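A.B. asks: Contents of coords.txt (compact mmCIF, C-alpha atoms):
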# COMPACT_ATOMS: atom_id res chain seq x y z
CA MET A 1 22.70 -5.64 68.82
CA LEU A 2 19.07 -4.69 68.17
CA GLY A 3 16.45 -7.41 68.08
CA ALA A 4 13.93 -7.86 65.30
CA ARG A 5 11.19 -6.14 67.33
CA ALA A 6 13.36 -3.11 67.99
CA VAL A 7 14.31 -2.84 64.32
CA ALA A 8 10.64 -3.03 63.33
CA GLN A 9 9.79 -0.27 65.82
CA LEU A 10 12.57 1.94 64.47
CA CYS A 11 11.37 1.37 60.91
CA ALA A 12 7.83 2.28 61.93
CA LEU A 13 9.07 5.48 63.58
CA GLY A 14 11.05 6.27 60.46
CA GLN A 15 7.97 5.84 58.30
CA MET A 16 5.99 8.10 60.62
CA GLY A 17 8.70 10.73 60.35
CA LEU A 18 8.68 10.55 56.58
CA GLY A 19 4.91 10.86 56.63
CA VAL A 20 5.20 14.11 58.53
CA LEU A 21 7.90 15.53 56.28
CA TYR A 22 6.39 14.19 53.04
CA PRO A 23 2.63 13.62 53.49
CA PRO A 24 1.13 10.99 51.17
CA ALA A 25 -0.07 12.59 47.96
CA CYS A 26 -2.07 11.40 44.96
CA LEU A 27 0.24 10.15 42.22
CA HIS A 28 -1.63 12.23 39.66
CA CYS A 29 -2.91 15.47 41.19
CA GLY A 30 -1.02 15.70 44.49
CA ALA A 31 -4.11 15.72 46.72
CA ASP A 32 -3.90 14.14 50.17
CA VAL A 33 -4.33 10.37 50.28
CA ALA A 34 -4.22 7.76 53.05
CA GLN A 35 -0.81 6.36 52.09
CA HIS A 36 1.96 6.78 49.56
CA GLY A 37 1.56 5.31 46.09
CA LEU A 38 -2.18 5.76 45.63
CA LEU A 39 -4.60 7.84 43.58
CA CYS A 40 -7.17 10.03 45.25
CA ALA A 41 -10.83 9.09 44.79
CA ALA A 42 -11.40 11.86 42.24
CA CYS A 43 -8.50 10.73 40.02
CA PHE A 44 -9.33 7.05 40.36
CA ALA A 45 -12.82 7.84 39.09
CA HIS A 46 -11.17 8.87 35.81
CA VAL A 47 -9.25 5.59 35.47
CA ARG A 48 -10.79 2.89 33.30
CA VAL A 49 -9.78 -0.35 34.99
CA VAL A 50 -9.88 -3.40 32.74
CA VAL A 51 -12.41 -5.93 33.99
CA ALA A 52 -14.29 -8.75 32.27
CA PRO A 53 -15.39 -9.05 29.58
CA PHE A 54 -12.14 -8.55 27.70
CA CYS A 55 -10.36 -10.39 24.92
CA LYS A 56 -7.95 -12.95 26.37
CA ALA A 57 -5.50 -12.43 23.50
CA CYS A 58 -5.29 -8.65 23.09
CA ALA A 59 -6.64 -7.56 26.51
CA VAL A 60 -9.03 -5.02 24.96
CA PRO A 61 -12.28 -4.65 26.96
CA GLN A 62 -15.51 -5.55 25.20
CA VAL A 63 -18.92 -3.96 25.62
CA SER A 64 -20.49 -7.38 26.06
CA ALA A 65 -19.42 -10.98 26.57
CA ALA A 66 -21.43 -11.74 23.45
CA MET A 67 -18.67 -10.02 21.47
CA LEU A 68 -16.26 -12.80 22.45
CA GLY A 69 -15.98 -16.17 20.75
CA VAL A 70 -15.82 -19.59 22.35
CA ASN A 71 -12.18 -19.06 23.37
CA ASP A 72 -12.90 -15.59 24.79
CA LEU A 73 -11.27 -13.93 21.79
CA CYS A 74 -12.52 -10.82 20.05
CA PRO A 75 -13.35 -11.11 16.31
CA ALA A 76 -10.02 -9.51 15.31
CA CYS A 77 -7.98 -12.00 17.35
CA GLU A 78 -10.08 -14.92 16.11
CA ARG A 79 -9.19 -13.93 12.55
CA HIS A 80 -5.53 -13.16 13.29
CA PRO A 81 -4.40 -14.72 16.61
CA PRO A 82 -1.28 -13.14 18.15
CA VAL A 83 1.85 -15.21 18.60
CA TRP A 84 1.64 -15.01 22.41
CA GLY A 85 -0.85 -17.14 24.30
CA GLN A 86 -2.71 -14.67 26.51
CA ALA A 87 -2.61 -10.96 27.29
CA ARG A 88 -3.73 -8.95 30.30
CA ALA A 89 -3.80 -5.17 30.80
CA ALA A 90 -4.49 -3.26 34.01
CA PHE A 91 -5.95 -0.12 32.44
CA VAL A 92 -7.27 1.30 29.22
CA TYR A 93 -4.68 3.78 27.95
CA GLU A 94 -6.57 7.04 28.41
CA SER A 95 -7.00 9.95 30.83
CA VAL A 96 -5.25 9.50 34.20
CA ALA A 97 -3.84 6.03 33.41
CA ARG A 98 -2.23 7.42 30.27
CA GLU A 99 -0.56 10.18 32.28
CA LEU A 100 0.73 7.76 34.90
CA ILE A 101 2.31 5.55 32.25
CA LEU A 102 3.81 8.44 30.29
CA LYS A 103 5.25 10.05 33.42
CA LEU A 104 6.82 6.73 34.45
CA LYS A 105 8.38 6.37 31.03
CA TYR A 106 9.49 9.91 30.24
CA ALA A 107 9.37 12.04 33.40
CA ASP A 108 11.32 9.96 35.93
CA GLN A 109 8.22 9.37 38.07
CA THR A 110 9.30 5.87 39.03
CA GLU A 111 7.06 6.06 42.11
CA ASN A 112 4.20 5.19 39.73
CA THR A 113 5.67 1.71 39.31
CA SER A 114 4.20 0.18 42.46
CA PHE A 115 0.62 1.30 41.77
CA LEU A 116 0.73 0.13 38.15
CA ALA A 117 2.32 -3.20 39.07
CA GLN A 118 -0.29 -3.89 41.76
CA GLN A 119 -3.06 -3.42 39.23
CA MET A 120 -1.21 -5.55 36.68
CA VAL A 121 -1.02 -8.42 39.16
CA ARG A 122 -4.72 -7.95 39.94
CA ILE A 123 -5.76 -8.49 36.33
CA GLY A 124 -3.01 -11.03 35.60
CA GLN A 125 -3.28 -13.27 38.63
CA ASP A 126 -4.09 -16.27 36.42
CA ILE A 127 -0.78 -15.89 34.54
CA VAL A 128 1.39 -14.51 37.36
CA CYS A 129 1.47 -17.86 39.08
CA GLY A 130 3.22 -21.20 39.33
CA ASP A 131 6.87 -21.07 38.36
CA ALA A 132 6.45 -18.55 35.53
CA LEU A 133 9.47 -16.42 34.73
CA VAL A 134 8.93 -12.65 34.45
CA VAL A 135 10.80 -10.99 31.57
CA PRO A 136 10.63 -7.29 30.60
CA VAL A 137 10.63 -5.92 27.08
CA PRO A 138 14.15 -4.51 26.59
CA VAL A 139 15.29 -1.12 25.39
CA HIS A 140 18.38 -0.54 23.30
CA ARG A 141 21.51 0.28 25.32
CA TRP A 142 21.76 3.80 23.90
CA ARG A 143 18.18 4.60 24.86
CA LEU A 144 18.81 3.08 28.28
CA PHE A 145 21.88 5.30 28.65
CA ARG A 146 19.84 8.42 27.86
CA ARG A 147 16.79 7.47 29.97
CA ARG A 148 18.81 5.80 32.78
CA TYR A 149 16.21 3.10 33.36
CA ASN A 150 13.88 0.74 31.53
CA GLN A 151 10.31 1.29 32.71
CA ALA A 152 9.34 -2.25 31.64
CA ALA A 153 12.09 -3.67 33.85
CA LEU A 154 10.88 -1.64 36.84
CA LEU A 155 7.36 -2.98 36.30
CA ALA A 156 8.66 -6.53 35.81
CA HIS A 157 10.60 -6.47 39.09
CA SER A 158 7.55 -5.21 40.99
CA VAL A 159 5.22 -7.74 39.34
CA ALA A 160 7.60 -10.59 40.15
CA LYS A 161 7.94 -9.49 43.77
CA LEU A 162 4.17 -9.17 44.24
CA GLY A 163 3.55 -12.52 42.54
CA GLY A 164 6.35 -14.38 44.29
CA LEU A 165 8.08 -15.13 40.97
CA HIS A 166 11.59 -14.77 39.61
CA CYS A 167 12.42 -11.91 37.27
CA LEU A 168 15.08 -12.24 34.57
CA PRO A 169 15.60 -8.61 33.49
CA ASP A 170 18.28 -9.29 30.90
CA ALA A 171 16.77 -12.34 29.20
CA LEU A 172 15.96 -10.32 26.09
CA VAL A 173 18.23 -7.89 24.31
CA ARG A 174 17.37 -5.35 21.65
CA VAL A 175 20.13 -6.13 19.17
CA ARG A 176 19.62 -2.99 17.14
CA SER A 177 18.10 0.38 17.80
CA THR A 178 14.76 1.07 16.14
CA VAL A 179 13.51 4.46 15.05
CA PRO A 180 10.55 6.04 16.88
CA LEU A 181 7.45 4.24 15.67
CA ALA A 182 4.65 6.59 16.75
CA SER A 183 3.64 7.55 13.19
CA PHE A 184 4.23 4.13 11.62
CA SER A 185 1.46 1.91 10.31
CA ARG A 186 0.91 -1.46 11.96
CA GLN A 187 2.78 -3.37 9.26
CA ALA A 188 5.63 -0.85 9.20
CA ARG A 189 6.07 -1.26 12.96
CA ARG A 190 6.25 -5.02 12.60
CA ASP A 191 8.80 -4.76 9.83
CA GLU A 192 10.94 -2.34 11.84
CA VAL A 193 11.17 -4.45 15.01
CA ALA A 194 10.93 -7.94 13.51
CA GLN A 195 14.65 -8.69 13.80
CA ALA A 196 15.43 -6.31 16.66
CA MET A 197 14.90 -8.72 19.57
CA SER A 198 16.91 -11.70 20.67
CA VAL A 199 17.31 -13.90 23.74
CA ARG A 200 20.68 -13.25 25.33
CA ARG A 201 22.87 -16.26 24.69
CA THR A 202 23.89 -16.60 28.34
CA ARG A 203 20.24 -16.61 29.42
CA ALA A 204 18.83 -19.09 26.88
CA HIS A 205 19.06 -22.00 29.33
CA ARG A 206 16.94 -20.03 31.84
CA VAL A 207 14.21 -19.48 29.24
CA ARG A 208 14.08 -22.98 27.75
CA GLY A 209 11.03 -24.94 28.85
CA ARG A 210 9.60 -22.09 30.95
CA ASP A 211 6.29 -20.27 30.96
CA ILE A 212 7.18 -16.62 30.41
CA VAL A 213 5.28 -13.53 31.54
CA LEU A 214 6.44 -10.78 29.18
CA VAL A 215 6.00 -7.35 30.82
CA ASP A 216 5.72 -3.98 29.13
CA ASP A 217 4.14 -0.62 29.88
CA LEU A 218 1.78 -0.53 26.92
CA LEU A 219 0.20 -2.66 24.20
CA THR A 220 -0.76 -0.89 20.98
CA THR A 221 -0.32 -2.80 17.71
CA GLY A 222 1.67 -5.60 19.36
CA ALA A 223 4.68 -5.26 17.04
CA THR A 224 7.25 -5.14 19.84
CA ALA A 225 5.53 -7.87 21.84
CA THR A 226 5.40 -10.06 18.74
CA ALA A 227 9.14 -9.70 18.14
CA CYS A 228 9.89 -10.50 21.79
CA THR A 229 7.54 -13.48 21.85
CA ASN A 230 9.02 -14.94 18.68
CA ALA A 231 12.52 -14.65 20.15
CA LEU A 232 11.44 -16.36 23.39
CA LEU A 233 9.62 -19.18 21.61
CA GLN A 234 12.55 -19.74 19.27
CA ALA A 235 14.77 -20.04 22.36
CA GLY A 236 12.55 -22.86 23.65
CA ALA A 237 10.10 -21.11 25.97
CA ARG A 238 7.06 -23.31 26.67
CA SER A 239 4.62 -20.41 26.49
CA VAL A 240 4.54 -16.61 26.53
CA SER A 241 1.83 -14.48 28.13
CA LEU A 242 1.78 -10.70 27.90
CA LEU A 243 1.14 -8.42 30.88
CA VAL A 244 0.98 -4.64 30.43
CA ALA A 245 -0.03 -1.56 32.39
CA GLY A 246 -2.14 -0.07 29.60
CA VAL A 247 -3.87 -1.14 26.41
CA VAL A 248 -5.03 1.17 23.65
CA PRO A 249 -8.85 1.03 23.67
CA ALA A 250 -9.06 0.51 19.93
CA ARG A 251 -6.44 -0.73 17.48
CA PRO A 252 -6.27 1.88 14.75
CA GLU A 253 -3.92 1.66 11.79
CA VAL A 254 -1.74 4.40 13.29
CA ASP A 255 -1.34 4.75 17.06
CA ILE A 256 0.05 7.70 18.96
CA ASP A 257 2.55 8.29 21.74
CA GLN A 258 4.00 4.82 22.13
CA PRO A 259 5.84 2.26 20.02
CA GLY A 260 4.38 -0.89 21.73
Could I get this file's structure written as structure tokens?
C.D. replies:
Amino acid sequence: MLGARAVAQLCALGQMGLGVLYPPACLHCGADVAQHGLLCAACFAHVRVVVAPFCKACAVPQVSAAMLGVNDLCPACERHPPVWGQARAAFVYESVARELILKLKYADQTENTSFLAQQMVRIGQDIVCGDALVVPVPVHRWRLFRRRYNQAALLAHSVAKLGGLHCLPDALVRVRSTVPLASFSRQARRDEVAQAMSVRRTRAHRVRGRDIVLVDDLLTTGATATACTNALLQAGARSVSLLVAGVVPARPEVDIDQPG
């Protein structure tokens, strides 16, 4: 029977062999990088990482801290606070970050998960802590059947592992399928998804009294996140914070590409 040291040495040799057969390549352009799961320097230069100052409720970066109120909220969120407590986003949804998220969601490039999740934990370290429970935004079973995976669940599992938290991937269920929302107005999106989310009955006791980190790939108008947050709060969650890979830089009346 092999000892722990021997197993570790075999794993290291295996990784070296894989590195020879499949050299590490940039997730976006394919250029050589130091290790798997990274962007090259040229591609990373085209990524807009979210750093302070940003609104603590919608995660949108601000040009100056003076744009934020006393509670670190942007004017829009001060006027109309979201139902969740806080929001964090790793990247602004543009350029290379946009491509990474879209390819994770639609092109089976699940290898993008680790990089995105690492950056999500970086920006969300103040909410990915304690005994918070990580919950992904669900997809309807028919969409899951066609796509074969839920990108939010992949991100949630990685975030939970990196943060040392528990992930409850089936806490929420999308009780009815919603139509594609890309061309919908903000209010139309909210109306469409308002009754689409529910806490799974067999998971309600796991949610009750817990701080929840709700994970999704993208935040646009917040319609989907609002429906999920309402369902979690109604089930007795103590608080809900939102953690996403990308945030739309502005919040226009009609957003493109994603239904977030």
A.B. asks: Would you compute the distance between CA of Met197 in chain A and CA of Lys56 in chain A? Give it in Å to one decimal.
C.D. replies: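 Spanning CA of Met197 in chain A to CA of Lys56 in chain A is a straight-line distance of 24.2 Å.
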A.B. asks: What is the CA of Ile127 in chain A-CA of Leu242 in chain A distance in Å, reported with one decimal?
C.D. replies: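 The value is 8.8 Å.
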A.B. asks: As an exercise, work out the distance from CA of Pro82 in chain A to CA of Val137 in chain A in Å and give it to one decimal place.
C.D. replies: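 That distance, rounded to one decimal, is 16.5 Å.
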A.B. asks: Which residue, A:Cys40, A:Ala59, A:Val51, A:Met67, has the smallest gap to Thr221 in chain A when you use all atoms listed in the file?
C.D. replies: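 Checking each of A:Cys40, A:Ala59, A:Val51, A:Met67 against Thr221 in chain A, counting all atoms listed in the file, the winner is A:Ala59.
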A.B. asks: At a cut-off of 9 Å, using all atoms listed in the file, what residues contact Ala65 in chain A? Leave out same-chain residues fewer than 3 positions from it and give the result as a list in words.
C.D. replies: Ala52, Pro53, Phe54, Gln62, Leu68, Gly69 and Asp72 of chain A
A.B. asks: Restricting the output to C-alpha atoms, write the selected residues as a tab-separated table (two decimals), in the coordinates of the input.
C.D. replies:
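This is the output file selection36.tsv:
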chain	number	residue	atom	x	y	z
A	52	ALA	CA	-14.29	-8.75	32.27
A	53	PRO	CA	-15.39	-9.05	29.58
A	54	PHE	CA	-12.14	-8.55	27.70
A	62	GLN	CA	-15.51	-5.55	25.20
A	68	LEU	CA	-16.26	-12.80	22.45
A	69	GLY	CA	-15.98	-16.17	20.75
A	72	ASP	CA	-12.90	-15.59	24.79
A.B. asks: Compare A:Lys161, A:Arg201, A:Arg98, A:Arg79 by their minimum atom-to-atom distance to Val47 in chain A, counting all atoms listed in the file, and give me the closest one.
C.D. replies: A:Arg98
A.B. asks: Go through A:Leu38, A:Met120, A:Val83, A:Ala89 and flag the residue nearest Val50 in chain A, using only C-alpha atoms for the distances.
C.D. replies: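 Between A:Leu38, A:Met120, A:Val83, A:Ala89, the residue approaching Val50 in chain A most closely is A:Ala89.
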A.B. asks: How would range 89-124 of chain A read, as a PDB file, keeping the file's coordinate frame, once N, CA and C atoms are built in?
C.D. replies:
ATOM      1  N   ALA A  89      -4.149  -6.582  30.621  1.00  0.00           N
ATOM      2  CA  ALA A  89      -3.800  -5.170  30.800  1.00  0.00           C
ATOM      3  C   ALA A  89      -4.543  -4.632  32.011  1.00  0.00           C
ATOM      4  N   ALA A  90      -3.863  -3.816  32.800  1.00  0.00           N
ATOM      5  CA  ALA A  90      -4.490  -3.260  34.010  1.00  0.00           C
ATOM      6  C   ALA A  90      -5.495  -2.176  33.680  1.00  0.00           C
ATOM      7  N   PHE A  91      -5.131  -1.286  32.734  1.00  0.00           N
ATOM      8  CA  PHE A  91      -5.950  -0.120  32.440  1.00  0.00           C
ATOM      9  C   PHE A  91      -6.104   0.078  30.935  1.00  0.00           C
ATOM     10  N   VAL A  92      -7.166   0.777  30.579  1.00  0.00           N
ATOM     11  CA  VAL A  92      -7.270   1.300  29.220  1.00  0.00           C
ATOM     12  C   VAL A  92      -6.415   2.560  29.168  1.00  0.00           C
ATOM     13  N   TYR A  93      -5.662   2.702  28.092  1.00  0.00           N
ATOM     14  CA  TYR A  93      -4.680   3.780  27.950  1.00  0.00           C
ATOM     15  C   TYR A  93      -5.391   5.084  27.574  1.00  0.00           C
ATOM     16  N   GLU A  94      -5.898   5.769  28.611  1.00  0.00           N
ATOM     17  CA  GLU A  94      -6.570   7.040  28.410  1.00  0.00           C
ATOM     18  C   GLU A  94      -6.593   7.798  29.733  1.00  0.00           C
ATOM     19  N   SER A  95      -6.795   9.108  29.655  1.00  0.00           N
ATOM     20  CA  SER A  95      -7.000   9.950  30.830  1.00  0.00           C
ATOM     21  C   SER A  95      -5.862   9.773  31.852  1.00  0.00           C
ATOM     22  N   VAL A  96      -6.219   9.542  33.112  1.00  0.00           N
ATOM     23  CA  VAL A  96      -5.250   9.500  34.200  1.00  0.00           C
ATOM     24  C   VAL A  96      -4.258   8.340  34.029  1.00  0.00           C
ATOM     25  N   ALA A  97      -4.743   7.173  33.602  1.00  0.00           N
ATOM     26  CA  ALA A  97      -3.840   6.030  33.410  1.00  0.00           C
ATOM     27  C   ALA A  97      -2.780   6.353  32.366  1.00  0.00           C
ATOM     28  N   ARG A  98      -3.177   7.019  31.321  1.00  0.00           N
ATOM     29  CA  ARG A  98      -2.230   7.420  30.270  1.00  0.00           C
ATOM     30  C   ARG A  98      -1.144   8.319  30.847  1.00  0.00           C
ATOM     31  N   GLU A  99      -1.536   9.270  31.680  1.00  0.00           N
ATOM     32  CA  GLU A  99      -0.560  10.180  32.280  1.00  0.00           C
ATOM     33  C   GLU A  99       0.392   9.448  33.218  1.00  0.00           C
ATOM     34  N   LEU A 100      -0.125   8.513  33.998  1.00  0.00           N
ATOM     35  CA  LEU A 100       0.730   7.760  34.900  1.00  0.00           C
ATOM     36  C   LEU A 100       1.791   6.971  34.139  1.00  0.00           C
ATOM     37  N   ILE A 101       1.379   6.347  33.044  1.00  0.00           N
ATOM     38  CA  ILE A 101       2.310   5.550  32.250  1.00  0.00           C
ATOM     39  C   ILE A 101       3.344   6.437  31.560  1.00  0.00           C
ATOM     40  N   LEU A 102       2.895   7.537  30.971  1.00  0.00           N
ATOM     41  CA  LEU A 102       3.810   8.440  30.290  1.00  0.00           C
ATOM     42  C   LEU A 102       4.814   9.066  31.259  1.00  0.00           C
ATOM     43  N   LYS A 103       4.343   9.428  32.450  1.00  0.00           N
ATOM     44  CA  LYS A 103       5.250  10.050  33.420  1.00  0.00           C
ATOM     45  C   LYS A 103       6.254   9.041  33.970  1.00  0.00           C
ATOM     46  N   LEU A 104       5.852   7.773  34.080  1.00  0.00           N
ATOM     47  CA  LEU A 104       6.820   6.730  34.450  1.00  0.00           C
ATOM     48  C   LEU A 104       7.877   6.599  33.371  1.00  0.00           C
ATOM     49  N   LYS A 105       7.452   6.631  32.128  1.00  0.00           N
ATOM     50  CA  LYS A 105       8.380   6.370  31.030  1.00  0.00           C
ATOM     51  C   LYS A 105       9.295   7.544  30.721  1.00  0.00           C
ATOM     52  N   TYR A 106       8.736   8.759  30.745  1.00  0.00           N
ATOM     53  CA  TYR A 106       9.490   9.910  30.240  1.00  0.00           C
ATOM     54  C   TYR A 106       9.840  10.965  31.285  1.00  0.00           C
ATOM     55  N   ALA A 107       9.191  10.942  32.442  1.00  0.00           N
ATOM     56  CA  ALA A 107       9.370  12.040  33.400  1.00  0.00           C
ATOM     57  C   ALA A 107       9.971  11.602  34.717  1.00  0.00           C
ATOM     58  N   ASP A 108      10.609  10.437  34.738  1.00  0.00           N
ATOM     59  CA  ASP A 108      11.320   9.960  35.930  1.00  0.00           C
ATOM     60  C   ASP A 108      10.410   9.740  37.137  1.00  0.00           C
ATOM     61  N   GLN A 109       9.119   9.603  36.942  1.00  0.00           N
ATOM     62  CA  GLN A 109       8.220   9.370  38.070  1.00  0.00           C
ATOM     63  C   GLN A 109       8.113   7.878  38.333  1.00  0.00           C
ATOM     64  N   THR A 110       9.233   7.318  38.800  1.00  0.00           N
ATOM     65  CA  THR A 110       9.300   5.870  39.030  1.00  0.00           C
ATOM     66  C   THR A 110       8.425   5.443  40.209  1.00  0.00           C
ATOM     67  N   GLU A 111       7.959   6.406  41.015  1.00  0.00           N
ATOM     68  CA  GLU A 111       7.060   6.060  42.110  1.00  0.00           C
ATOM     69  C   GLU A 111       5.718   5.526  41.593  1.00  0.00           C
ATOM     70  N   ASN A 112       5.434   5.735  40.309  1.00  0.00           N
ATOM     71  CA  ASN A 112       4.200   5.190  39.730  1.00  0.00           C
ATOM     72  C   ASN A 112       4.270   3.679  39.537  1.00  0.00           C
ATOM     73  N   THR A 113       5.471   3.133  39.600  1.00  0.00           N
ATOM     74  CA  THR A 113       5.670   1.710  39.310  1.00  0.00           C
ATOM     75  C   THR A 113       4.830   0.812  40.206  1.00  0.00           C
ATOM     76  N   SER A 114       4.867   1.065  41.507  1.00  0.00           N
ATOM     77  CA  SER A 114       4.200   0.180  42.460  1.00  0.00           C
ATOM     78  C   SER A 114       2.697   0.120  42.217  1.00  0.00           C
ATOM     79  N   PHE A 115       2.069   1.271  42.006  1.00  0.00           N
ATOM     80  CA  PHE A 115       0.620   1.300  41.770  1.00  0.00           C
ATOM     81  C   PHE A 115       0.267   0.548  40.492  1.00  0.00           C
ATOM     82  N   LEU A 116       1.011   0.809  39.423  1.00  0.00           N
ATOM     83  CA  LEU A 116       0.730   0.130  38.150  1.00  0.00           C
ATOM     84  C   LEU A 116       0.934  -1.371  38.278  1.00  0.00           C
ATOM     85  N   ALA A 117       2.019  -1.775  38.936  1.00  0.00           N
ATOM     86  CA  ALA A 117       2.320  -3.200  39.070  1.00  0.00           C
ATOM     87  C   ALA A 117       1.252  -3.923  39.895  1.00  0.00           C
ATOM     88  N   GLN A 118       0.757  -3.277  40.947  1.00  0.00           N
ATOM     89  CA  GLN A 118      -0.290  -3.890  41.760  1.00  0.00           C
ATOM     90  C   GLN A 118      -1.533  -4.178  40.922  1.00  0.00           C
ATOM     91  N   GLN A 119      -1.889  -3.237  40.075  1.00  0.00           N
ATOM     92  CA  GLN A 119      -3.060  -3.420  39.230  1.00  0.00           C
ATOM     93  C   GLN A 119      -2.804  -4.451  38.121  1.00  0.00           C
ATOM     94  N   MET A 120      -1.555  -4.532  37.669  1.00  0.00           N
ATOM     95  CA  MET A 120      -1.210  -5.550  36.680  1.00  0.00           C
ATOM     96  C   MET A 120      -1.333  -6.953  37.272  1.00  0.00           C
ATOM     97  N   VAL A 121      -0.890  -7.126  38.505  1.00  0.00           N
ATOM     98  CA  VAL A 121      -1.020  -8.420  39.160  1.00  0.00           C
ATOM     99  C   VAL A 121      -2.486  -8.749  39.422  1.00  0.00           C
ATOM    100  N   ARG A 122      -3.279  -7.731  39.738  1.00  0.00           N
ATOM    101  CA  ARG A 122      -4.720  -7.950  39.940  1.00  0.00           C
ATOM    102  C   ARG A 122      -5.356  -8.583  38.707  1.00  0.00           C
ATOM    103  N   ILE A 123      -5.114  -7.989  37.544  1.00  0.00           N
ATOM    104  CA  ILE A 123      -5.760  -8.490  36.330  1.00  0.00           C
ATOM    105  C   ILE A 123      -5.059  -9.745  35.796  1.00  0.00           C
ATOM    106  N   GLY A 124      -3.782  -9.919  36.155  1.00  0.00           N
ATOM    107  CA  GLY A 124      -3.010 -11.030  35.600  1.00  0.00           C
ATOM    108  C   GLY A 124      -2.740 -12.150  36.568  1.00  0.00           C
TER     109      GLY A 124
END
